[in-house]
>>> print(open('final_7.txt').read())   # compact mmCIF, C-alpha atoms and all ligand atoms
# COMPACT_ATOMS: atom_id res chain seq x y z
CA MET S 1 -63.90 34.54 -70.53
CA LYS S 2 -61.89 33.25 -67.54
CA ASN S 3 -61.20 35.53 -64.57
CA ILE S 4 -57.98 35.05 -62.64
CA SER S 5 -56.51 36.21 -59.38
CA ILE S 6 -52.71 36.20 -59.10
CA LEU S 7 -51.09 35.78 -55.70
CA GLY S 8 -47.66 37.33 -56.27
CA SER S 9 -48.23 39.18 -59.54
CA THR S 10 -44.94 41.10 -59.22
CA GLY S 11 -42.73 38.00 -59.19
CA SER S 12 -41.24 35.81 -61.89
CA ILE S 13 -44.29 33.52 -62.28
CA GLY S 14 -46.71 36.42 -61.71
CA THR S 15 -45.25 38.60 -64.46
CA GLN S 16 -45.06 35.69 -66.91
CA THR S 17 -48.73 34.93 -66.16
CA LEU S 18 -49.56 38.54 -67.02
CA GLU S 19 -47.63 38.24 -70.32
CA ILE S 20 -49.93 35.33 -71.20
CA VAL S 21 -52.99 37.41 -70.25
CA ARG S 22 -51.70 40.26 -72.43
CA GLU S 23 -51.52 37.88 -75.40
CA ASN S 24 -54.99 36.38 -74.78
CA LYS S 25 -57.16 39.34 -73.81
CA ASP S 26 -60.21 37.83 -75.52
CA LYS S 27 -60.02 34.70 -73.34
CA ILE S 28 -58.76 35.72 -69.92
CA LYS S 29 -59.13 38.70 -67.61
CA VAL S 30 -57.38 39.73 -64.40
CA HIS S 31 -59.83 40.12 -61.51
CA ALA S 32 -57.21 40.50 -58.77
CA LEU S 33 -53.50 41.18 -58.39
CA SER S 34 -51.32 41.01 -55.30
CA GLY S 35 -47.80 41.66 -54.04
CA ASN S 36 -45.81 42.77 -51.07
CA SER S 37 -42.96 45.24 -51.63
CA ASN S 38 -42.93 46.17 -55.31
CA ILE S 39 -45.70 48.78 -55.41
CA ASN S 40 -44.19 50.57 -58.42
CA LEU S 41 -44.80 47.47 -60.50
CA LEU S 42 -48.22 46.90 -58.89
CA GLU S 43 -49.19 50.44 -59.88
CA ARG S 44 -48.20 49.79 -63.51
CA GLN S 45 -50.02 46.44 -63.48
CA ILE S 46 -53.19 48.09 -62.12
CA ASN S 47 -53.07 50.76 -64.82
CA GLU S 48 -52.68 48.14 -67.53
CA PHE S 49 -54.97 45.32 -66.35
CA GLU S 50 -57.57 47.32 -64.34
CA PRO S 51 -58.31 44.58 -61.78
CA ALA S 52 -61.26 44.91 -59.39
CA ILE S 53 -58.96 44.20 -56.41
CA CYS S 54 -55.29 44.57 -55.56
CA ALA S 55 -54.02 43.05 -52.31
CA VAL S 56 -50.78 44.25 -50.73
CA MET S 57 -49.42 42.23 -47.83
CA ASN S 58 -47.50 45.13 -46.27
CA LYS S 59 -49.94 47.69 -44.77
CA GLU S 60 -47.79 50.79 -45.31
CA ASN S 61 -47.22 49.80 -48.92
CA ALA S 62 -50.97 49.29 -49.33
CA GLU S 63 -51.59 52.87 -48.09
CA LYS S 64 -48.93 54.25 -50.47
CA LEU S 65 -50.45 52.39 -53.39
CA LYS S 66 -53.96 53.62 -52.53
CA SER S 67 -52.77 57.22 -52.68
CA ARG S 68 -51.25 56.67 -56.13
CA ILE S 69 -54.09 55.08 -58.01
CA SER S 70 -57.42 56.37 -59.16
CA GLY S 71 -60.17 54.38 -60.75
CA LYS S 72 -62.01 51.26 -59.90
CA THR S 73 -59.40 49.07 -58.23
CA LYS S 74 -60.01 48.42 -54.53
CA VAL S 75 -56.76 48.12 -52.55
CA VAL S 76 -56.88 45.70 -49.61
CA CYS S 77 -54.07 44.67 -47.27
CA GLY S 78 -52.55 41.99 -45.08
CA MET S 79 -53.46 38.29 -45.09
CA ASP S 80 -57.19 39.17 -45.05
CA GLY S 81 -56.60 41.17 -48.21
CA LEU S 82 -54.81 38.26 -49.91
CA VAL S 83 -57.71 35.98 -49.00
CA GLN S 84 -60.25 38.52 -50.33
CA SER S 85 -58.30 38.75 -53.58
CA VAL S 86 -58.61 35.01 -54.29
CA CYS S 87 -62.10 34.45 -52.87
CA ALA S 88 -63.79 37.39 -54.64
CA ASN S 89 -66.95 36.65 -56.60
CA GLY S 90 -66.06 36.32 -60.22
CA VAL S 91 -62.63 34.72 -59.72
CA ASP S 92 -62.48 31.39 -61.56
CA ILE S 93 -58.88 30.44 -60.98
CA ALA S 94 -56.22 31.52 -58.47
CA VAL S 95 -52.58 31.44 -59.59
CA THR S 96 -50.50 30.81 -56.48
CA ALA S 97 -47.23 32.53 -57.35
CA ILE S 98 -46.17 33.77 -53.91
CA SER S 99 -42.87 32.38 -52.71
CA GLY S 100 -42.83 30.41 -49.45
CA MET S 101 -45.34 28.82 -47.08
CA ILE S 102 -47.04 32.22 -46.57
CA GLY S 103 -48.99 31.05 -49.64
CA LEU S 104 -50.66 28.22 -47.71
CA LYS S 105 -53.44 30.24 -46.02
CA PRO S 106 -54.76 32.05 -49.15
CA THR S 107 -54.55 28.79 -51.11
CA ILE S 108 -56.61 26.95 -48.50
CA GLU S 109 -59.19 29.75 -48.44
CA ALA S 110 -59.37 29.87 -52.25
CA ILE S 111 -60.11 26.13 -52.28
CA ARG S 112 -62.77 26.59 -49.57
CA CYS S 113 -64.37 29.23 -51.82
CA GLY S 114 -64.41 26.69 -54.67
CA LYS S 115 -61.77 28.38 -56.84
CA ASP S 116 -59.59 26.27 -59.13
CA ILE S 117 -55.89 26.58 -58.38
CA ALA S 118 -52.96 26.99 -60.79
CA LEU S 119 -50.32 25.94 -58.31
CA ALA S 120 -46.80 27.32 -58.61
CA ASN S 121 -46.14 27.64 -54.87
CA LYS S 122 -44.65 24.24 -54.00
CA GLU S 123 -44.05 25.14 -50.33
CA THR S 124 -47.85 25.04 -49.89
CA LEU S 125 -47.94 21.31 -50.64
CA VAL S 126 -44.74 20.54 -48.75
CA ALA S 127 -46.17 22.08 -45.57
CA GLY S 128 -49.86 21.28 -46.02
CA GLY S 129 -50.16 18.64 -48.73
CA GLU S 130 -52.56 16.36 -46.91
CA MET S 131 -54.89 19.20 -45.95
CA VAL S 132 -54.79 20.96 -49.33
CA MET S 133 -55.44 17.78 -51.36
CA SER S 134 -58.30 16.60 -49.15
CA LEU S 135 -59.90 20.09 -49.19
CA ALA S 136 -59.59 20.15 -53.00
CA ARG S 137 -61.39 16.79 -53.22
CA LYS S 138 -64.08 17.96 -50.79
CA HIS S 139 -64.75 21.20 -52.70
CA ASN S 140 -64.37 19.60 -56.12
CA VAL S 141 -61.57 21.99 -57.03
CA ASN S 142 -58.94 21.32 -59.73
CA ILE S 143 -55.31 21.79 -58.77
CA MET S 144 -53.43 22.43 -62.00
CA PRO S 145 -49.65 22.09 -61.67
CA VAL S 146 -47.57 25.05 -62.86
CA ASP S 147 -44.16 23.77 -61.69
CA SER S 148 -42.50 22.57 -64.92
CA GLU S 149 -41.77 19.02 -63.70
CA HIS S 150 -45.28 18.51 -62.33
CA SER S 151 -46.82 19.90 -65.49
CA ALA S 152 -44.66 17.37 -67.40
CA ILE S 153 -45.86 14.51 -65.19
CA PHE S 154 -49.46 15.70 -65.54
CA GLN S 155 -49.04 15.71 -69.33
CA SER S 156 -47.31 12.31 -69.32
CA LEU S 157 -50.28 10.90 -67.42
CA MET S 158 -52.90 12.12 -69.90
CA GLY S 159 -54.90 9.26 -71.31
CA ASN S 160 -53.05 6.62 -69.26
CA GLU S 161 -54.02 4.41 -66.36
CA VAL S 162 -52.92 6.30 -63.27
CA ASN S 163 -52.86 3.12 -61.16
CA LYS S 164 -50.25 1.59 -63.48
CA ILE S 165 -47.46 4.06 -62.62
CA LYS S 166 -44.23 2.22 -61.81
CA LYS S 167 -42.32 5.38 -61.00
CA ILE S 168 -41.82 8.98 -62.05
CA LEU S 169 -38.51 10.35 -63.28
CA LEU S 170 -38.21 13.81 -61.76
CA THR S 171 -35.59 15.70 -63.74
CA ALA S 172 -33.20 18.22 -62.15
CA SER S 173 -30.78 20.55 -63.90
CA GLY S 174 -28.24 20.02 -61.11
CA GLY S 175 -28.06 23.79 -60.61
CA PRO S 176 -24.99 26.04 -60.93
CA PHE S 177 -22.82 23.78 -58.73
CA ARG S 178 -23.38 20.42 -60.43
CA GLY S 179 -20.24 18.27 -60.08
CA LYS S 180 -18.68 20.41 -57.34
CA THR S 181 -17.17 18.83 -54.20
CA LEU S 182 -18.00 19.79 -50.60
CA LYS S 183 -14.59 21.50 -50.40
CA GLU S 184 -15.40 23.62 -53.47
CA LEU S 185 -18.85 24.49 -52.11
CA GLU S 186 -17.28 26.01 -48.97
CA THR S 187 -16.27 29.13 -50.89
CA VAL S 188 -19.09 29.72 -53.42
CA SER S 189 -20.55 33.25 -53.46
CA LEU S 190 -24.18 34.42 -53.38
CA ALA S 191 -23.78 35.68 -56.96
CA ASP S 192 -22.62 32.19 -58.08
CA THR S 193 -25.57 30.63 -56.23
CA LEU S 194 -28.06 32.93 -57.95
CA ASN S 195 -26.66 32.13 -61.40
CA HIS S 196 -28.95 29.28 -62.54
CA PRO S 197 -27.77 27.65 -65.78
CA ASN S 198 -31.20 27.36 -67.48
CA TRP S 199 -33.96 29.28 -65.71
CA SER S 200 -34.50 32.89 -64.67
CA MET S 201 -36.53 32.75 -61.44
CA GLY S 202 -37.05 34.47 -58.07
CA LYS S 203 -34.16 34.39 -55.58
CA LYS S 204 -35.59 31.82 -53.16
CA ILE S 205 -36.22 29.08 -55.74
CA THR S 206 -32.90 29.86 -57.44
CA VAL S 207 -31.04 29.20 -54.17
CA ASP S 208 -33.12 26.03 -53.70
CA SER S 209 -32.07 24.84 -57.16
CA ALA S 210 -28.42 25.34 -56.24
CA THR S 211 -28.72 23.31 -53.01
CA LEU S 212 -31.00 20.71 -54.73
CA MET S 213 -33.59 21.45 -52.03
CA ASN S 214 -35.83 22.52 -54.92
CA LYS S 215 -35.82 18.93 -56.18
CA GLY S 216 -36.54 17.66 -52.66
CA LEU S 217 -39.50 20.03 -52.31
CA GLU S 218 -40.67 18.96 -55.77
CA ALA S 219 -40.49 15.28 -54.80
CA ILE S 220 -42.84 16.01 -51.87
CA GLU S 221 -45.04 18.16 -54.14
CA ALA S 222 -45.25 15.21 -56.60
CA LYS S 223 -46.13 12.78 -53.81
CA TRP S 224 -49.20 14.87 -52.95
CA LEU S 225 -50.26 15.86 -56.46
CA PHE S 226 -50.01 12.35 -57.93
CA ASP S 227 -50.51 10.20 -54.82
CA LEU S 228 -47.08 8.52 -54.99
CA THR S 229 -44.89 6.73 -52.45
CA PRO S 230 -41.32 8.03 -51.95
CA GLU S 231 -40.06 4.81 -53.62
CA GLN S 232 -41.94 5.76 -56.80
CA ILE S 233 -39.99 9.02 -57.20
CA GLU S 234 -36.57 8.94 -58.83
CA VAL S 235 -34.52 12.11 -59.32
CA VAL S 236 -32.51 12.21 -62.56
CA VAL S 237 -30.03 15.00 -63.18
CA HIS S 238 -30.50 16.26 -66.74
CA PRO S 239 -28.40 19.41 -67.18
CA GLN S 240 -30.08 20.60 -70.40
CA SER S 241 -33.59 20.97 -68.78
CA ILE S 242 -35.31 19.83 -72.01
CA ILE S 243 -37.05 16.73 -70.66
CA HIS S 244 -39.15 18.23 -67.88
CA SER S 245 -39.96 14.85 -66.25
CA ALA S 246 -41.36 11.47 -67.23
CA VAL S 247 -43.58 8.61 -66.07
CA GLU S 248 -42.59 4.96 -66.30
CA TYR S 249 -45.57 2.57 -66.42
CA ASP S 250 -45.87 -1.05 -65.32
CA ASP S 251 -45.27 -2.19 -68.92
CA HIS S 252 -41.91 -0.27 -68.81
CA SER S 253 -43.03 2.27 -71.36
CA VAL S 254 -41.72 5.73 -70.41
CA ILE S 255 -43.63 8.85 -71.43
CA ALA S 256 -41.90 12.21 -71.07
CA GLN S 257 -42.73 15.83 -71.86
CA MET S 258 -40.13 18.00 -73.59
CA GLY S 259 -39.79 21.66 -74.43
CA ASN S 260 -37.48 24.65 -74.17
CA PRO S 261 -37.03 25.77 -70.55
CA ASP S 262 -39.75 28.44 -70.57
CA MET S 263 -42.32 28.67 -67.75
CA LYS S 264 -44.89 30.25 -70.06
CA ILE S 265 -45.56 26.77 -71.48
CA PRO S 266 -46.74 25.16 -68.19
CA ILE S 267 -48.41 28.38 -66.96
CA GLN S 268 -50.43 28.63 -70.18
CA LEU S 269 -51.50 24.97 -69.99
CA ALA S 270 -52.56 25.36 -66.34
CA LEU S 271 -54.72 28.36 -67.30
CA PHE S 272 -56.31 26.96 -70.46
CA TYR S 273 -56.28 23.17 -70.02
CA PRO S 274 -57.37 21.12 -71.98
CA TYR S 275 -56.73 23.68 -74.75
CA ARG S 276 -53.24 24.18 -76.15
CA LEU S 277 -53.26 27.73 -77.49
CA LYS S 278 -50.88 29.05 -80.11
CA ASN S 279 -48.23 31.42 -78.78
CA ASN S 280 -45.13 33.21 -80.02
CA LEU S 281 -42.56 31.03 -78.21
CA LYS S 282 -39.58 29.42 -79.96
CA SER S 283 -39.81 25.85 -81.31
CA LEU S 284 -37.63 23.24 -79.65
CA ASP S 285 -34.61 22.67 -81.90
CA LEU S 286 -33.09 19.28 -81.00
CA PHE S 287 -30.33 19.72 -83.60
CA GLU S 288 -29.20 22.90 -81.88
CA ILE S 289 -29.27 21.15 -78.48
CA GLY S 290 -27.41 18.12 -79.85
CA LYS S 291 -27.17 15.98 -76.72
CA LEU S 292 -29.46 15.12 -73.82
CA THR S 293 -27.49 13.70 -70.89
CA PHE S 294 -28.39 12.12 -67.55
CA GLU S 295 -26.62 11.62 -64.21
CA LYS S 296 -27.40 10.33 -60.73
CA PRO S 297 -27.75 13.13 -58.14
CA ASP S 298 -24.93 13.42 -55.59
CA MET S 299 -26.97 13.32 -52.38
CA ASN S 300 -23.92 13.14 -50.12
CA THR S 301 -22.62 16.50 -51.30
CA PHE S 302 -26.06 18.06 -51.84
CA LYS S 303 -27.55 16.84 -48.56
CA CYS S 304 -30.79 18.84 -48.89
CA LEU S 305 -32.12 16.36 -51.43
CA LYS S 306 -31.46 13.44 -49.07
CA LEU S 307 -33.01 15.35 -46.15
CA ALA S 308 -36.17 16.08 -48.16
CA PHE S 309 -36.61 12.37 -49.01
CA GLU S 310 -36.06 11.52 -45.33
CA ALA S 311 -38.67 14.12 -44.28
CA MET S 312 -41.11 12.73 -46.86
CA LYS S 313 -40.61 9.16 -45.55
CA ILE S 314 -40.96 10.23 -41.90
CA GLY S 315 -44.01 12.35 -42.73
CA LYS S 316 -46.14 13.97 -39.99
CA SER S 317 -44.59 17.36 -39.04
CA MET S 318 -41.10 16.67 -40.48
CA PRO S 319 -41.69 18.16 -43.97
CA ILE S 320 -42.95 21.38 -42.31
CA VAL S 321 -39.74 21.61 -40.28
CA LEU S 322 -37.62 20.92 -43.38
CA ASN S 323 -39.46 23.57 -45.37
CA LYS S 324 -39.54 26.29 -42.70
CA ALA S 325 -35.90 25.76 -41.72
CA ASN S 326 -34.93 25.97 -45.37
CA GLU S 327 -36.94 29.18 -45.90
CA LEU S 328 -35.25 30.81 -42.91
CA ALA S 329 -31.78 29.64 -43.92
CA VAL S 330 -32.25 30.83 -47.52
CA GLU S 331 -33.33 34.28 -46.26
CA MET S 332 -30.14 34.39 -44.14
CA LEU S 333 -28.01 33.39 -47.15
CA ILE S 334 -29.60 36.14 -49.26
CA ARG S 335 -28.83 38.64 -46.46
CA LYS S 336 -25.24 37.26 -46.54
CA GLU S 337 -25.44 36.16 -42.88
CA ILE S 338 -24.50 32.53 -43.55
CA LYS S 339 -22.57 30.50 -46.14
CA PHE S 340 -23.92 28.16 -48.80
CA LEU S 341 -23.23 24.91 -46.93
CA ASP S 342 -24.79 26.29 -43.74
CA ILE S 343 -28.22 25.82 -45.33
CA GLN S 344 -28.02 22.03 -45.44
CA ASN S 345 -26.29 21.83 -42.07
CA MET S 346 -28.94 24.00 -40.38
CA VAL S 347 -31.80 21.99 -41.90
CA GLU S 348 -30.17 18.69 -40.89
CA ASP S 349 -29.48 19.93 -37.36
CA ILE S 350 -33.07 20.97 -36.63
CA MET S 351 -34.51 17.83 -38.20
CA LEU S 352 -32.34 15.75 -35.84
CA ARG S 353 -33.75 17.71 -32.87
CA HIS S 354 -37.39 17.45 -33.95
CA THR S 355 -39.77 14.76 -32.75
CA PRO S 356 -42.41 14.34 -35.45
CA VAL S 357 -46.04 14.87 -34.41
CA GLU S 358 -49.32 14.85 -36.34
CA ALA S 359 -49.82 18.27 -37.97
CA ALA S 360 -52.65 18.21 -40.46
CA SER S 361 -54.70 21.34 -39.55
CA PHE S 362 -53.65 24.87 -40.47
CA ASP S 363 -53.11 25.83 -36.81
CA GLU S 364 -50.97 22.76 -36.17
CA ILE S 365 -48.88 23.50 -39.28
CA LEU S 366 -48.40 27.09 -38.06
CA GLU S 367 -47.34 25.84 -34.60
CA ILE S 368 -44.66 23.61 -36.13
CA ALA S 369 -43.41 26.50 -38.27
CA LYS S 370 -43.21 28.67 -35.13
CA TRP S 371 -41.33 25.93 -33.26
CA THR S 372 -38.88 25.73 -36.16
CA ALA S 373 -38.30 29.49 -36.19
CA ALA S 374 -37.71 29.50 -32.42
CA ASN S 375 -35.32 26.54 -32.49
CA ILE S 376 -33.28 26.90 -35.65
CA LYS S 377 -29.58 27.44 -34.88
CA LYS S 378 -27.41 29.77 -36.87
CA PRO S 379 -23.77 28.60 -37.04
CA ASN S 380 -21.28 30.62 -34.95
N1 LIG I 1 -39.95 31.29 -61.01
C1 LIG I 1 -40.14 30.09 -61.54
O1 LIG I 1 -39.77 29.86 -62.70
C2 LIG I 1 -40.81 29.02 -60.75
C3 LIG I 1 -41.36 29.27 -59.52
N2 LIG I 1 -42.00 28.27 -58.84
C4 LIG I 1 -42.58 28.56 -57.53
O2 LIG I 1 -43.46 29.66 -57.65
C5 LIG I 1 -43.43 30.46 -56.47
C6 LIG I 1 -43.04 31.89 -56.86
O3 LIG I 1 -41.74 31.88 -57.37
P1 LIG I 1 -41.12 33.15 -58.11
O4 LIG I 1 -42.14 33.76 -59.00
O5 LIG I 1 -39.85 32.72 -58.70
O6 LIG I 1 -40.84 34.11 -56.88
P2 LIG I 1 -40.52 35.68 -56.87
O7 LIG I 1 -39.62 35.91 -55.73
O8 LIG I 1 -40.07 36.13 -58.22
O9 LIG I 1 -41.94 36.34 -56.58
C7 LIG I 1 -42.56 36.18 -55.35
C8 LIG I 1 -43.87 36.93 -55.32
O10 LIG I 1 -44.46 36.77 -54.03
C9 LIG I 1 -44.67 38.05 -53.43
N3 LIG I 1 -44.41 37.93 -52.01
C10 LIG I 1 -43.23 37.65 -51.41
N4 LIG I 1 -43.39 37.63 -50.08
C11 LIG I 1 -44.69 37.88 -49.83
C12 LIG I 1 -45.46 38.03 -48.65
N5 LIG I 1 -44.93 37.87 -47.44
N6 LIG I 1 -46.78 38.30 -48.78
C13 LIG I 1 -47.33 38.48 -50.00
N7 LIG I 1 -46.66 38.38 -51.15
C14 LIG I 1 -45.35 38.08 -51.06
C15 LIG I 1 -43.71 38.99 -54.11
O11 LIG I 1 -44.16 40.32 -54.00
P3 LIG I 1 -43.18 41.61 -54.11
O12 LIG I 1 -42.27 41.33 -55.26
O13 LIG I 1 -44.12 42.73 -54.37
O14 LIG I 1 -42.47 41.74 -52.81
C16 LIG I 1 -43.75 38.43 -55.53
O15 LIG I 1 -44.90 38.88 -56.18
C17 LIG I 1 -42.41 29.81 -55.53
O16 LIG I 1 -43.07 28.97 -54.63
C18 LIG I 1 -41.56 28.97 -56.49
O17 LIG I 1 -41.00 27.83 -55.86
C19 LIG I 1 -42.17 27.02 -59.36
C20 LIG I 1 -41.63 26.73 -60.58
C21 LIG I 1 -40.90 27.68 -61.36
C1 LIG I 2 -38.73 26.05 -63.77
C2 LIG I 2 -38.93 25.13 -62.66
O1 LIG I 2 -39.87 24.38 -62.62
C3 LIG I 2 -37.93 25.11 -61.58
O2 LIG I 2 -38.43 24.45 -60.44
C4 LIG I 2 -36.74 24.42 -62.12
O3 LIG I 2 -37.04 23.07 -62.21
C5 LIG I 2 -35.55 24.64 -61.30
O4 LIG I 2 -34.50 23.93 -61.81
P1 LIG I 2 -33.75 22.74 -61.06
O5 LIG I 2 -34.05 21.51 -61.84
O6 LIG I 2 -32.34 23.20 -61.14
O7 LIG I 2 -34.23 22.66 -59.65
MN MN I 3 -39.65 22.96 -61.02
>>> encode(input="final_7.txt", output="structure tokens", more="lines below")
Ligand SMILES: NC(=O)C1=CN([C@@H]2O[C@H](COP(=O)(O)OP(=O)(O)OC[C@H]3O[C@@H](n4cnc5c(N)ncnc54)[C@H](OP(=O)(O)O)[C@@H]3O)[C@@H](O)[C@H]2O)C=CC1
Ligand SMILES: CC(=O)[C@@H](O)[C@H](O)COP(=O)(O)O
Ligand SMILES: [Mn+2]
Amino acid sequence: MKNISILGSTGSIGTQTLEIVRENKDKIKVHALSGNSNINLLERQINEFEPAICAVMNKENAEKLKSRISGKTKVVCGMDGLVQSVCANGVDIAVTAISGMIGLKPTIEAIRCGKDIALANKETLVAGGEMVMSLARKHNVNIMPVDSEHSAIFQSLMGNEVNKIKKILLTASGGPFRGKTLKELETVSLADTLNHPNWSMGKKITVDSATLMNKGLEAIEAKWLFDLTPEQIEVVVHPQSIIHSAVEYDDHSVIAQMGNPDMKIPIQLALFYPYRLKNNLKSLDLFEIGKLTFEKPDMNTFKCLKLAFEAMKIGKSMPIVLNKANELAVEMLIRKEIKFLDIQNMVEDIMLRHTPVEAASFDEILEIAKWTAANIKKPN
């Protein structure tokens, strides 16, 4: 029996993880759940999965939840609570399904406590990749990719010589605005932006997919997970999202992983690797799909992708600035305070004003994030 702790159990990845638990009760058990605002759902999840711990980031929400539940679940709060929920005795694997770099601290602490990580939260590696990967090596912890592209790369690497990678082909759907011009992007609405063609996900990542920042963050995530140079990462727009990514080897053989766009496939593999358990998902029907097509990304229109590659090449504190500025700008877009194209312009503007410095410790990463928040400029 495997015991898991889910950081962000009320979100898209969190709830899909719980669906997998529900279908595999003889193999996996929930030790801890966590969330922030959705205490109605947390209450239902506690009643169903009876975890030992439930962490709620927001203190008032934690108090409300405490008053609603009876039984054996201990409710803890704040960042200390999140850390307790992943480091608790008995937890074997922490699923990092919080959105944003707030997930960095509990991930680092989970690794320090020797817990394996099923990593969905890509912002963690963008902001703290060097630190997280070296801590994982030190504590002999496995970091299992949940992100569909990274799971595909992981699977395409199985049984092959890792040092013979020529490059990886990181596939991108192109998002809801694929093929649009800068002029057309000036007037897109929030509802259009949140309308992803292939995946149903949380708001933040859905906006990132529309700006192509998601692919930029994923390129940096891949660099850290698979020890790649920026030149070894090629983004390929593949609107059907059937090939989830591929690896080209030195002998020019290309190995890819395919499947319907359903996150339960990579989540399940991350939880049960090396076992591939039966499930009730639909088979891939290539006749129904008909065509798989490929395009080059338009990095001049979708500048976030170019900016992410620049930040990766510059290194040091630049990826932290890129990530934090993007998080802040996406929050503003969701609150309807800025327009779609403002995101890439705000990220570019602060990157131009930032002088990269070494930022490898948690405190240094936090300092850079604070600098970014204090210096980001909202358009007039
Ligand atoms: N969704 C997907 O298909 C994929 C997601 N990912 C990555 O996985 C991560 C999660 O994405 P997704 O599930 O879509 O996101 P959601 O927005 O659906 O869920 C986010 C979760 O994080 C919790 N949360 C948000 N803010 C805080 C906070 N300040 N403190 C504690 N908990 C918080 C939310 O709690 P509450 O709801 O209670 O407020 C919720 O449980 C992201 O990093 C994303 O990039 C990667 C690949 C695919
Ligand atoms: C499901 C998943 O892994 C997402 O990161 C997805 O890849 C987003 O789609 P885009 O390819 O449009 O960014
Ligand atoms: Mn992805």
>>> residues_near_ligand(input="final_7.txt", ligand="ligand LIG 1 (chain I)", cutoff="7 Å", atoms="only C-alpha atoms and all ligand atoms", output="VMD selection string")
chain S and resid 7 to 14 34 to 39 56 to 57 97 to 100 102 120 to 123 146 to 148 199 to 205 263
>>> atom_distance(input="final_7.txt", atom1="atom CA of S:Gly259", atom2="atom CA of S:Ile165")
22.5 Å
>>> closest_residue(input="final_7.txt", among="S:Ala127, S:Cys54, S:Ala94, S:Met213", to="ligand LIG 2 (chain I)", atoms="only C-alpha atoms and all ligand atoms")
S:Met213
>>> closest_residue(input="final_7.txt", among="S:Ser173, S:Ser151, S:Asn198, S:Asn140", to="S:Phe294", atoms="only C-alpha atoms")
S:Ser173
>>> atom_distance(input="final_7.txt", atom1="atom CA of S:Lys29", atom2="atom CA of S:Lys2")
6.1 Å
>>> residues_near_ligand(input="final_7.txt", ligand="ligand LIG 2 (chain I)", cutoff="10 Å", atoms="only C-alpha atoms and all ligand atoms", output="VMD selection string")
chain S and resid 13 120 122 146 to 152 170 to 178 196 to 201 205 to 218 235 to 241 244 to 245 261 to 264 266
>>> write_last_selection(input="final_7.txt", atoms="C-alpha atoms", output="mmCIF file, keeping the file's coordinate frame")
data_model
loop_
_atom_site.group_PDB
_atom_site.id
_atom_site.type_symbol
_atom_site.label_atom_id
_atom_site.label_comp_id
_atom_site.auth_asym_id
_atom_site.auth_seq_id
_atom_site.Cartn_x
_atom_site.Cartn_y
_atom_site.Cartn_z
ATOM 1 C CA ILE S 13 -44.290 33.520 -62.280
ATOM 2 C CA ALA S 120 -46.800 27.320 -58.610
ATOM 3 C CA LYS S 122 -44.650 24.240 -54.000
ATOM 4 C CA VAL S 146 -47.570 25.050 -62.860
ATOM 5 C CA ASP S 147 -44.160 23.770 -61.690
ATOM 6 C CA SER S 148 -42.500 22.570 -64.920
ATOM 7 C CA GLU S 149 -41.770 19.020 -63.700
ATOM 8 C CA HIS S 150 -45.280 18.510 -62.330
ATOM 9 C CA SER S 151 -46.820 19.900 -65.490
ATOM 10 C CA ALA S 152 -44.660 17.370 -67.400
ATOM 11 C CA LEU S 170 -38.210 13.810 -61.760
ATOM 12 C CA THR S 171 -35.590 15.700 -63.740
ATOM 13 C CA ALA S 172 -33.200 18.220 -62.150
ATOM 14 C CA SER S 173 -30.780 20.550 -63.900
ATOM 15 C CA GLY S 174 -28.240 20.020 -61.110
ATOM 16 C CA GLY S 175 -28.060 23.790 -60.610
ATOM 17 C CA PRO S 176 -24.990 26.040 -60.930
ATOM 18 C CA PHE S 177 -22.820 23.780 -58.730
ATOM 19 C CA ARG S 178 -23.380 20.420 -60.430
ATOM 20 C CA HIS S 196 -28.950 29.280 -62.540
ATOM 21 C CA PRO S 197 -27.770 27.650 -65.780
ATOM 22 C CA ASN S 198 -31.200 27.360 -67.480
ATOM 23 C CA TRP S 199 -33.960 29.280 -65.710
ATOM 24 C CA SER S 200 -34.500 32.890 -64.670
ATOM 25 C CA MET S 201 -36.530 32.750 -61.440
ATOM 26 C CA ILE S 205 -36.220 29.080 -55.740
ATOM 27 C CA THR S 206 -32.900 29.860 -57.440
ATOM 28 C CA VAL S 207 -31.040 29.200 -54.170
ATOM 29 C CA ASP S 208 -33.120 26.030 -53.700
ATOM 30 C CA SER S 209 -32.070 24.840 -57.160
ATOM 31 C CA ALA S 210 -28.420 25.340 -56.240
ATOM 32 C CA THR S 211 -28.720 23.310 -53.010
ATOM 33 C CA LEU S 212 -31.000 20.710 -54.730
ATOM 34 C CA MET S 213 -33.590 21.450 -52.030
ATOM 35 C CA ASN S 214 -35.830 22.520 -54.920
ATOM 36 C CA LYS S 215 -35.820 18.930 -56.180
ATOM 37 C CA GLY S 216 -36.540 17.660 -52.660
ATOM 38 C CA LEU S 217 -39.500 20.030 -52.310
ATOM 39 C CA GLU S 218 -40.670 18.960 -55.770
ATOM 40 C CA VAL S 235 -34.520 12.110 -59.320
ATOM 41 C CA VAL S 236 -32.510 12.210 -62.560
ATOM 42 C CA VAL S 237 -30.030 15.000 -63.180
ATOM 43 C CA HIS S 238 -30.500 16.260 -66.740
ATOM 44 C CA PRO S 239 -28.400 19.410 -67.180
ATOM 45 C CA GLN S 240 -30.080 20.600 -70.400
ATOM 46 C CA SER S 241 -33.590 20.970 -68.780
ATOM 47 C CA HIS S 244 -39.150 18.230 -67.880
ATOM 48 C CA SER S 245 -39.960 14.850 -66.250
ATOM 49 C CA PRO S 261 -37.030 25.770 -70.550
ATOM 50 C CA ASP S 262 -39.750 28.440 -70.570
ATOM 51 C CA MET S 263 -42.320 28.670 -67.750
ATOM 52 C CA LYS S 264 -44.890 30.250 -70.060
ATOM 53 C CA PRO S 266 -46.740 25.160 -68.190
#
